[in-house]
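**Q** Data file target_23.txt (compact mmCIF, C-alpha atoms) is appended below.
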```txt
# COMPACT_ATOMS: atom_id res chain seq x y z
CA MET B 40 19.24 7.74 -6.10
CA PRO B 41 16.87 10.73 -6.44
CA SER B 42 16.38 13.00 -3.43
CA PRO B 43 14.32 11.47 -0.59
CA HIS B 44 10.55 11.75 -0.94
CA LEU B 45 9.49 10.01 2.28
CA VAL B 46 11.74 10.34 5.33
CA LEU B 47 11.47 8.72 8.76
CA ASP B 48 13.93 10.08 11.33
CA LYS B 49 14.46 8.05 14.52
CA VAL B 50 10.76 7.15 14.73
CA CYS B 51 9.55 5.47 17.91
CA VAL B 52 5.94 4.38 18.41
CA GLU B 53 4.27 3.20 21.61
CA ILE B 54 0.79 1.71 21.89
CA GLY B 55 -0.74 1.18 25.33
CA GLY B 56 2.64 1.77 26.96
CA ALA B 57 4.38 -0.89 24.85
CA ARG B 58 7.20 0.15 22.51
CA ILE B 59 6.32 -1.17 19.03
CA LEU B 60 8.86 0.69 16.84
CA GLN B 61 12.32 1.75 17.98
CA ASP B 62 14.52 4.33 16.21
CA ILE B 63 13.32 3.68 12.65
CA SER B 64 15.25 5.84 10.18
CA LEU B 65 14.40 5.43 6.52
CA SER B 66 14.53 7.45 3.30
CA VAL B 67 12.47 6.44 0.27
CA ALA B 68 12.89 8.14 -3.10
CA GLU B 69 10.08 9.23 -5.37
CA ARG B 70 8.93 6.30 -7.53
CA GLU B 71 10.87 3.74 -5.50
CA PHE B 72 9.21 0.42 -4.58
CA VAL B 73 10.25 -0.83 -1.14
CA CYS B 74 9.19 -4.12 0.46
CA VAL B 75 9.29 -4.70 4.22
CA ILE B 76 9.61 -8.25 5.51
CA GLY B 77 10.06 -9.76 8.96
CA THR B 78 8.52 -11.97 11.61
CA SER B 79 4.94 -11.63 12.85
CA GLY B 80 4.58 -9.08 15.63
CA GLY B 81 7.74 -7.25 14.59
CA GLY B 82 6.02 -3.94 13.87
CA LYS B 83 5.70 -4.01 10.06
CA THR B 84 2.01 -3.05 9.97
CA THR B 85 2.56 -0.42 12.67
CA LEU B 86 5.29 1.07 10.47
CA LEU B 87 2.91 1.31 7.52
CA ARG B 88 0.12 2.82 9.63
CA THR B 89 2.54 5.39 11.06
CA ILE B 90 3.64 6.43 7.57
CA ALA B 91 -0.05 6.75 6.63
CA GLY B 92 -0.66 9.09 9.58
CA LEU B 93 -3.02 6.60 11.22
CA LEU B 94 -0.79 6.26 14.31
CA PRO B 95 1.09 9.10 16.02
CA VAL B 96 4.83 8.90 16.63
CA THR B 97 6.04 8.90 20.23
CA SER B 98 9.28 10.52 19.15
CA GLY B 99 11.09 11.23 15.89
CA SER B 100 9.39 12.45 12.73
CA VAL B 101 7.81 11.37 9.45
CA THR B 102 7.91 13.76 6.49
CA LEU B 103 6.49 13.43 2.99
CA GLY B 104 7.80 15.83 0.37
CA GLY B 105 9.27 17.92 3.20
CA ALA B 106 5.92 18.28 5.05
CA PRO B 107 5.38 16.56 8.42
CA VAL B 108 2.94 13.64 8.50
CA VAL B 109 0.72 14.10 11.57
CA ALA B 110 -2.63 12.79 10.27
CA PRO B 111 -4.05 10.85 7.31
CA SER B 112 -3.43 12.70 4.06
CA PRO B 113 -4.86 12.50 0.53
CA ARG B 114 -1.25 12.11 -0.60
CA THR B 115 -1.18 8.60 0.90
CA ALA B 116 -3.43 5.58 0.26
CA VAL B 117 -3.49 2.21 2.04
CA VAL B 118 -4.53 -1.19 0.69
CA PHE B 119 -5.31 -3.48 3.63
CA GLN B 120 -4.86 -7.25 3.85
CA HIS B 121 -8.54 -7.89 4.51
CA PHE B 122 -9.88 -5.57 1.82
CA GLY B 123 -11.61 -2.99 4.06
CA LEU B 124 -14.59 -2.63 1.70
CA PHE B 125 -17.98 -1.28 2.75
CA PRO B 126 -20.42 -4.18 2.39
CA TRP B 127 -23.40 -1.88 1.74
CA LYS B 128 -21.69 -0.09 -1.18
CA THR B 129 -21.33 -1.39 -4.71
CA VAL B 130 -17.94 -1.90 -6.33
CA ARG B 131 -18.34 1.42 -8.15
CA SER B 132 -19.27 3.26 -4.94
CA ASN B 133 -16.43 1.66 -2.97
CA ILE B 134 -13.94 2.87 -5.56
CA ALA B 135 -15.37 6.41 -5.51
CA TYR B 136 -15.40 6.55 -1.70
CA GLY B 137 -11.75 7.59 -1.40
CA LEU B 138 -12.50 10.75 -3.37
CA ARG B 139 -15.76 11.51 -1.57
CA VAL B 140 -14.22 11.27 1.91
CA GLN B 141 -11.62 13.84 0.83
CA GLY B 142 -14.38 16.15 -0.36
CA ARG B 143 -13.17 15.86 -3.95
CA PRO B 144 -15.50 15.56 -6.95
CA VAL B 145 -15.91 12.05 -8.33
CA ASP B 146 -14.95 11.76 -11.99
CA PRO B 147 -17.15 8.95 -13.40
CA ASP B 148 -14.79 8.54 -16.36
CA ALA B 149 -11.82 8.01 -14.02
CA VAL B 150 -13.79 5.40 -12.07
CA ARG B 151 -14.73 3.67 -15.33
CA ARG B 152 -11.08 3.61 -16.40
CA LEU B 153 -10.07 1.97 -13.13
CA LEU B 154 -12.87 -0.57 -13.45
CA ALA B 155 -11.60 -1.43 -16.93
CA THR B 156 -7.93 -1.47 -15.94
CA LEU B 157 -8.51 -3.88 -13.07
CA GLY B 158 -11.01 -6.10 -14.86
CA LEU B 159 -13.98 -5.02 -12.74
CA GLU B 160 -16.35 -3.72 -15.41
CA THR B 161 -18.70 -6.71 -15.26
CA VAL B 162 -19.03 -6.49 -11.46
CA ALA B 163 -19.26 -2.69 -11.11
CA ASP B 164 -22.75 -2.87 -9.58
CA TYR B 165 -22.09 -5.93 -7.39
CA TYR B 166 -21.69 -5.78 -3.62
CA PRO B 167 -18.58 -7.15 -1.84
CA ALA B 168 -20.45 -10.26 -0.64
CA GLN B 169 -20.91 -11.25 -4.30
CA LEU B 170 -17.17 -11.08 -5.07
CA SER B 171 -14.27 -13.52 -4.80
CA GLY B 172 -11.26 -12.66 -2.63
CA GLY B 173 -9.25 -11.66 -5.69
CA MET B 174 -12.01 -9.36 -6.93
CA LYS B 175 -12.34 -7.75 -3.48
CA GLN B 176 -8.62 -7.03 -3.42
CA ARG B 177 -8.83 -5.50 -6.91
CA VAL B 178 -11.58 -3.18 -5.63
CA GLY B 179 -9.42 -2.19 -2.64
CA LEU B 180 -6.55 -1.43 -4.99
CA ALA B 181 -8.79 0.57 -7.35
CA ARG B 182 -10.15 2.61 -4.43
CA ALA B 183 -6.62 3.47 -3.31
CA LEU B 184 -5.52 4.43 -6.83
CA ALA B 185 -8.64 6.53 -7.48
CA ALA B 186 -7.33 9.19 -5.10
CA GLY B 187 -4.10 9.56 -7.12
CA PRO B 188 -1.78 9.13 -4.10
CA ASP B 189 1.89 10.08 -3.99
CA VAL B 190 2.54 7.08 -1.75
CA LEU B 191 0.79 3.70 -2.04
CA LEU B 192 1.02 1.56 1.11
CA LEU B 193 0.21 -2.16 0.77
CA ASP B 194 -0.26 -4.22 3.93
CA GLU B 195 0.18 -7.88 2.91
CA PRO B 196 -2.40 -7.36 0.16
CA PHE B 197 -2.07 -10.84 -1.39
CA SER B 198 -1.62 -13.10 1.65
CA ALA B 199 -5.26 -14.27 1.74
CA LEU B 200 -5.36 -15.15 -1.97
CA ASP B 201 -4.71 -18.38 -3.86
CA ALA B 202 -1.42 -18.71 -5.73
CA ILE B 203 -2.80 -17.99 -9.21
CA THR B 204 -4.77 -14.91 -8.14
CA ARG B 205 -1.81 -13.73 -6.09
CA GLU B 206 0.57 -13.89 -9.06
CA SER B 207 -1.94 -12.11 -11.27
CA LEU B 208 -2.39 -9.25 -8.80
CA GLN B 209 1.35 -8.94 -8.14
CA ASN B 210 1.84 -8.31 -11.84
CA GLU B 211 -1.17 -5.95 -11.91
CA VAL B 212 0.23 -3.83 -9.07
CA LEU B 213 3.64 -3.64 -10.73
CA ARG B 214 2.08 -2.63 -14.03
CA LEU B 215 0.01 0.11 -12.39
CA TRP B 216 2.98 1.35 -10.38
CA GLU B 217 5.24 1.44 -13.45
CA SER B 218 2.60 3.39 -15.39
CA ASN B 219 2.49 6.09 -12.71
CA ALA B 220 5.39 8.49 -13.19
CA ALA B 221 5.54 9.71 -9.58
CA MET B 222 4.03 7.13 -7.22
CA THR B 223 6.15 5.68 -4.43
CA ALA B 224 5.16 2.28 -3.02
CA LEU B 225 5.84 0.46 0.25
CA GLN B 226 4.59 -3.08 0.72
CA VAL B 227 4.61 -5.31 3.79
CA THR B 228 4.92 -9.01 2.97
CA HIS B 229 5.92 -12.31 4.59
CA ASP B 230 6.95 -13.71 1.21
CA ILE B 231 10.63 -13.28 0.30
CA ASP B 232 10.02 -14.29 -3.33
CA GLU B 233 7.30 -11.63 -3.57
CA ALA B 234 9.64 -9.01 -2.09
CA LEU B 235 12.35 -9.82 -4.65
CA LEU B 236 9.82 -9.74 -7.49
CA MET B 237 8.26 -6.41 -6.57
CA ALA B 238 10.87 -4.29 -4.83
CA ASP B 239 13.79 -2.06 -5.69
CA ARG B 240 14.87 -2.45 -2.07
CA VAL B 241 14.01 -4.90 0.70
CA LEU B 242 14.05 -4.01 4.41
CA VAL B 243 13.99 -6.53 7.25
CA VAL B 244 12.17 -5.32 10.37
CA SER B 245 12.77 -7.40 13.51
CA GLY B 246 11.22 -6.96 16.92
CA PRO B 247 9.54 -6.22 19.18
CA PRO B 248 10.28 -3.42 19.33
CA GLY B 249 10.63 -3.18 15.56
CA ARG B 250 13.99 -2.09 14.18
CA ILE B 251 15.40 -2.17 10.66
CA THR B 252 18.03 -4.89 10.98
CA PHE B 253 18.94 -5.48 7.33
CA GLU B 254 18.59 -3.71 4.01
CA MET B 255 19.21 -5.09 0.52
CA LYS B 256 19.04 -3.46 -2.88
CA VAL B 257 17.42 -5.68 -5.51
CA ASP B 258 19.58 -5.48 -8.63
CA LEU B 259 17.42 -7.78 -10.76
CA PRO B 260 16.21 -6.06 -13.94
CA ARG B 261 12.50 -5.39 -14.45
CA PRO B 262 10.33 -7.17 -15.36
```
Before we go any further, please render this structure as structure tokens.

**A**
Amino acid sequence: MPSPHLVLDKVCVEIGGARILQDISLSVAEREFVCVIGTSGGGKTTLLRTIAGLLPVTSGSVTLGGAPVVAPSPRTAVVFQHFGLFPWKTVRSNIAYGLRVQGRPVDPDAVRRLLATLGLETVADYYPAQLSGGMKQRVGLARALAAGPDVLLLDEPFSALDAITRESLQNEVLRLWESNAAMTALQVTHDIDEALLMADRVLVVSGPPGRITFEMKVDLPRP
């Protein structure tokens, strides 16, 4: 395996005095796709938010490319389960938001390419209320990818979708990930089949407090 890109060392997280994560140690290589599964309330989403710098660690450390993660970083992007789109912004503006909030110039050509890649060209000037669930999730994914992250974090991104849309987006995410030479991905899912389809490695997190209780390398060839 290549040298670790993302490293968690004995990470513990407490929220409101309750221990949510306990002694999580994990190394993820550059361009590796890892899926995290486990029971509800076990700390999977907290783990993702901690890696994203959205939650502070109580003890231990998170490093990305050797640098400590202590706050949200442009190197990391999150795709949430419930889309997280701004209802007053168009599809095009939602996609460009990730760049604007980082103070980076918006490249209209790059936004157009993402619209085309994710099949959103015909709805570029629509608002989220005019979109289906699958379209909303495509916009959330495009917004995350627009920032060119080193690490893509996916928090059960397909769980609210119908089976056909879900399968389509699973394949879309894999295609986009495979086309990016450096991007690492971590995805939380309840679906074991989905984990086996998408991941190079599957981790089981059980809790509370959340601990990594099992790890399995997926040896199935891609695709």

**Q** For Arg114 (chain B), which residue among B:Asp164, B:Asp62, B:Glu71, B:Asp189 is the nearest when counting all atoms listed in the file?

**A**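 Looking at the shortest contact to Arg114 (chain B), the residue is B:Asp189.
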
**Q** Quick one, how far is CA of Ser112 (chain B) from CA of Leu45 (chain B)?

**A**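 Going from CA of Ser112 (chain B) over to CA of Leu45 (chain B), I get 13.3 Å.
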
**Q** At what distance in Å, to one decimal, does CA of Gly123 (chain B) lie from CA of Pro196 (chain B)?

**A**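 Spanning CA of Pro196 (chain B) to CA of Gly123 (chain B) is a straight-line distance of 10.9 Å.
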
**Q** Quick one, how far is CA of Pro248 (chain B) from CA of Asp48 (chain B)?

**A**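 CA of Asp48 (chain B) lies 16.1 Å from CA of Pro248 (chain B).
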
**Q** Give the answer as one residue: which of B:Gly82, B:Pro107, B:Pro260, B:Pro95 has the shortest atom-to-atom distance to Val243 (chain B), using all atoms listed in the file?

**A**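 The closest residue to Val243 (chain B) is B:Gly82.
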
**Q** Between B:Leu213, B:Leu103, B:Leu94, B:Leu157, which is the closest to Pro188 (chain B) once you count all atoms listed in the file?

**A**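 So, comparing all the options, the nearest one is B:Leu103.
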
**Q** Check the smallest atom-to-atom distance from each of B:Asp239, B:Glu217, B:Glu195, B:Glu160 to Met255 (chain B) using only C-alpha atoms, then report the winner.

**A** B:Asp239
